Amino acid sequence: MPAHLAVIMDGNGRWAKARGLPRVMGHRAGVEALKTTLRLCSDWGIGALTAYAFSTENWSRPGDEVSFLMTLFERVLQRELGALEREQVRIRFLGDLEALPQRLQELIVEASERTEKNKGIHFNVCTNYGGRHELVYAAQKLAERAARGELDPALIDENIFAAELFTAGEVDPDLLIRTSGERRISNFLLWQLAYAEIHVTNVFWPDFDVVALTKALVDYQSRSRRFGGLEPNKRLDNTNALEPTAVRHLGA
Ligand code: FPP
C-alpha cells in the first residue's frame, strides 16, 4: 500500500454537465467521493491522503462558482468535524490560507486544532494551494533566516528545504491519482511528487469509488519503483498489498 496518496479531483463540472445539472452540483457530489476515499484509505492503512481542493489558479473561475466552493468548504467542515474527530483523522489545510474568507479561516483553525493529536490518517486539504507558490514561500523563509544570520546558505540541503514546505513532516506521496483523463500535474505538489507513481483514470471525480481506488492501487502495486537506481527499492513494503481475491471480489 502507498504510505501517502495524493489526488487531483478533476471532472466535477463535466460530471454535472453530463447530467444536465449546474457545475456546482458536481462539486457537491465530489465531497461524497472524497469522504468515501478518505474512509477507504483509513480502513486500508494508507497513512496520508492529500487532496487538491482549490488551486491558486481557481480564483479565475466565475465568481459564483468560487463563492459556492468557499461556502461548501465551510459547510462540509462544520458538518464533518465531529466525525473526523471520532474517526481519529488529523486534518490540515495546506496553502495560502490568509486569502480565504474569514469564517472559513476560523473553521480551519478549529478543525486543525481539534484533530491535531489524532492518531489516524493524515488528511491534507490543499486549499488556495499552488506548488510554485509553496516553493517560493519556502525560499523566502530560508532567505529570511539566512539574512538574520540564523542559517548558513551553504548548509541548505533537501531536508532543510522540505522542512519549510506546507507538507513538512509528511512522507512524500507514493501515488498520485488524477481523475477525468487529464495528464497534467497542474501545479500540484511539485517538489513532493518527484518520485510518485502516477495513475490517470477517465472516471470523473464524483464517480470515483471503491472499484476505481482498487484499480489505482493494483496499478501502483504492479509498478517497479527504482527511484533512479537499477534495482526495485527495498523501502517498499508490500506485505499490506491487496489480496487478488479481494480485488476480484471488488470487480476491479
Ligand atoms: C475540479 O473539477 C474540482 C474542483 C476545483 C473542486 C474540488 C472540491 C471538492 C470535491 C470539495 C472538497 C471539499 C472539502 C471540504 C475538502 P472541475 O470543476 O475542474 O471539473 P471540470 O474539469 O469537469 O470542469
# chains A, B, ... in the order shown; residues from 1 in each chain; ligands from 1

call {"tool": "residues_near_ligand", "arguments": {"ligand": "ligand 1", "cutoff": "7 Å", "atoms": "only C-alpha atoms and all ligand atoms", "output": "list of chain:residue names"}}
result
A:Met9, A:Asp10, A:Gly11, A:Asn12, A:Gly13, A:Arg14, A:Trp15, A:His27, A:Arg28, A:Gly30, A:Val31, A:Leu34, A:Tyr52, A:Ala53, A:Phe54, A:Asn58, A:Leu72, A:Phe73, A:Glu74, A:Val76, A:Leu77, A:Val125

call {"tool": "residues_around", "arguments": {"residues": "Asp157 of chain A", "least_positions_apart": "6", "cutoff": "12 Å", "atoms": "only C-alpha atoms", "output": "count of residues only"}}
result
5

call {"tool": "atom_distance", "arguments": {"atom1": "atom CA of Leu97 of chain A", "atom2": "atom CA of Thr127 of chain A"}}
result
7.1 Å

call {"tool": "closest_atom_pairs", "arguments": {"of": "segment 171-190 of chain A", "to": "segment 44-50 of chain A", "cutoff": "12 Å", "atoms": "only C-alpha atoms", "output": "tab-separated table"}}
result
residue	atom	partner	partner_atom	distance
A:Val171	CA	A:Ala48	CA	8.5
A:Asp172	CA	A:Ala48	CA	9.6
A:Pro173	CA	A:Ala48	CA	8.2
A:Asp174	CA	A:Ala48	CA	10.2
A:Leu175	CA	A:Leu49	CA	10.0
A:Leu176	CA	A:Thr50	CA	9.3
A:Ile177	CA	A:Thr50	CA	10.4
A:Phe188	CA	A:Thr50	CA	10.3
A:Leu189	CA	A:Thr50	CA	9.6

call {"tool": "atom_distance", "arguments": {"atom1": "atom CA of Val200 of chain A", "atom2": "atom CA of Glu182 of chain A"}}
result
7.2 Å

call {"tool": "select_by_dssp", "arguments": {"residues": "segment 4-235 of chain A", "states": "strand (DSSP E)", "output": "PyMOL selection string"}}
result
chain A and resi 4-8+48-55+90-94+122-129+175-178+197-200

call {"tool": "select_by_dssp", "arguments": {"residues": "segment 2-249 of chain A", "states": "helix (DSSP H, G or I)", "output": "ChimeraX atom specification"}}
result
/A:12-18,23-43,58-60,63-86,97-99,102-115,131-147,153-155,158-162,205-207,210-221,244-249

call {"tool": "residues_around", "arguments": {"residues": "Gln102 of chain A", "least_positions_apart": "6", "cutoff": "12 Å", "atoms": "only C-alpha atoms", "output": "PDB file with N, CA, C and O atoms, in the first residue's frame"}}
result
ATOM      1  N   MET A  70     -16.300  28.063  -1.633  1.00  0.00           N
ATOM      2  CA  MET A  70     -15.901  28.523  -0.286  1.00  0.00           C
ATOM      3  C   MET A  70     -16.982  28.158   0.743  1.00  0.00           C
ATOM      4  O   MET A  70     -16.690  27.681   1.840  1.00  0.00           O
ATOM      5  N   THR A  71     -18.247  28.386   0.353  1.00  0.00           N
ATOM      6  CA  THR A  71     -19.351  28.049   1.270  1.00  0.00           C
ATOM      7  C   THR A  71     -19.423  26.535   1.477  1.00  0.00           C
ATOM      8  O   THR A  71     -19.677  26.061   2.595  1.00  0.00           O
ATOM      9  N   GLU A  74     -16.870  25.477   3.974  1.00  0.00           N
ATOM     10  CA  GLU A  74     -17.302  25.827   5.339  1.00  0.00           C
ATOM     11  C   GLU A  74     -18.340  24.822   5.847  1.00  0.00           C
ATOM     12  O   GLU A  74     -18.232  24.292   6.954  1.00  0.00           O
ATOM     13  N   ILE A 108     -11.049  26.427   9.783  1.00  0.00           N
ATOM     14  CA  ILE A 108      -9.823  25.668   9.501  1.00  0.00           C
ATOM     15  C   ILE A 108      -8.954  25.586  10.757  1.00  0.00           C
ATOM     16  O   ILE A 108      -8.447  24.506  11.112  1.00  0.00           O
ATOM     17  N   VAL A 109      -8.828  26.719  11.446  1.00  0.00           N
ATOM     18  CA  VAL A 109      -8.026  26.725  12.688  1.00  0.00           C
ATOM     19  C   VAL A 109      -8.661  25.776  13.704  1.00  0.00           C
ATOM     20  O   VAL A 109      -7.988  24.937  14.326  1.00  0.00           O
TER      21      VAL A 109
END

call {"tool": "atom_distance", "arguments": {"atom1": "atom CA of Gly63 of chain A", "atom2": "atom CA of Phe93 of chain A"}}
result
22.2 Å

call {"tool": "residues_around", "arguments": {"residues": "Gly181 of chain A", "least_positions_apart": "4", "cutoff": "8 Å", "atoms": "only C-alpha atoms", "output": "list in words"}}
result
Val200, Thr201, Asn202 and Val203 of chain A

call {"tool": "residues_around", "arguments": {"residues": "Arg132 of chain A", "least_positions_apart": "2", "cutoff": "9 Å", "atoms": "only C-alpha atoms", "output": "MDAnalysis selection string"}}
result
chainID A and resid 130 134:137 187:190

call {"tool": "write_last_selection", "arguments": {"atoms": "C-alpha atoms", "output": "compact mmCIF listing (two decimals), in the first residue's frame"}}
result
# COMPACT_ATOMS: atom_id res chain seq x y z
CA GLY A 130 -0.02 26.28 -5.73
CA GLU A 134 4.85 26.90 -1.98
CA LEU A 135 8.42 26.70 -3.34
CA VAL A 136 8.83 30.48 -3.49
CA TYR A 137 7.42 30.82 0.03
CA ASN A 187 0.98 22.98 -10.14
CA PHE A 188 0.27 20.30 -7.50
CA LEU A 189 2.99 19.23 -5.00
CA LEU A 190 5.79 19.99 -7.47

call {"tool": "residues_around", "arguments": {"residues": "Arg39 of chain A", "least_positions_apart": "3", "cutoff": "12 Å", "atoms": "only C-alpha atoms", "output": "PyMOL selection string"}}
result
chain A and resi 32-36+42-49+83-84+87-89+120-123+209-210+213

call {"tool": "write_last_selection", "arguments": {"atoms": "C-alpha atoms", "output": "short mmCIF file (atom, residue, chain, number, x, y, z; two decimals), in the first residue's frame"}}
result
data_model
loop_
_atom_site.label_atom_id
_atom_site.label_comp_id
_atom_site.auth_asym_id
_atom_site.auth_seq_id
_atom_site.Cartn_x
_atom_site.Cartn_y
_atom_site.Cartn_z
CA GLU A 32 -19.13 12.45 -1.16
CA ALA A 33 -16.42 10.82 -3.30
CA LEU A 34 -13.77 12.42 -1.11
CA LYS A 35 -15.42 11.13 2.06
CA THR A 36 -15.56 7.63 0.57
CA SER A 42 -8.09 4.96 6.54
CA ASP A 43 -9.51 1.41 6.58
CA TRP A 44 -6.77 0.10 4.29
CA GLY A 45 -3.89 1.53 6.30
CA ILE A 46 -2.82 4.35 3.98
CA GLY A 47 -1.14 6.85 6.31
CA ALA A 48 -1.90 10.09 4.50
CA LEU A 49 -4.33 11.41 1.90
CA ALA A 83 -16.93 12.52 12.56
CA LEU A 84 -13.32 13.40 11.75
CA GLU A 87 -12.52 8.55 13.45
CA GLN A 88 -9.11 9.83 14.61
CA VAL A 89 -8.45 11.76 11.37
CA GLY A 120 -5.27 8.12 12.48
CA ILE A 121 -4.86 9.07 8.84
CA HIS A 122 -3.36 12.46 7.97
CA PHE A 123 -5.87 14.24 5.74
CA ASP A 209 -15.40 4.81 -5.76
CA VAL A 210 -14.05 1.62 -4.19
CA LEU A 213 -9.49 3.23 -5.99
#
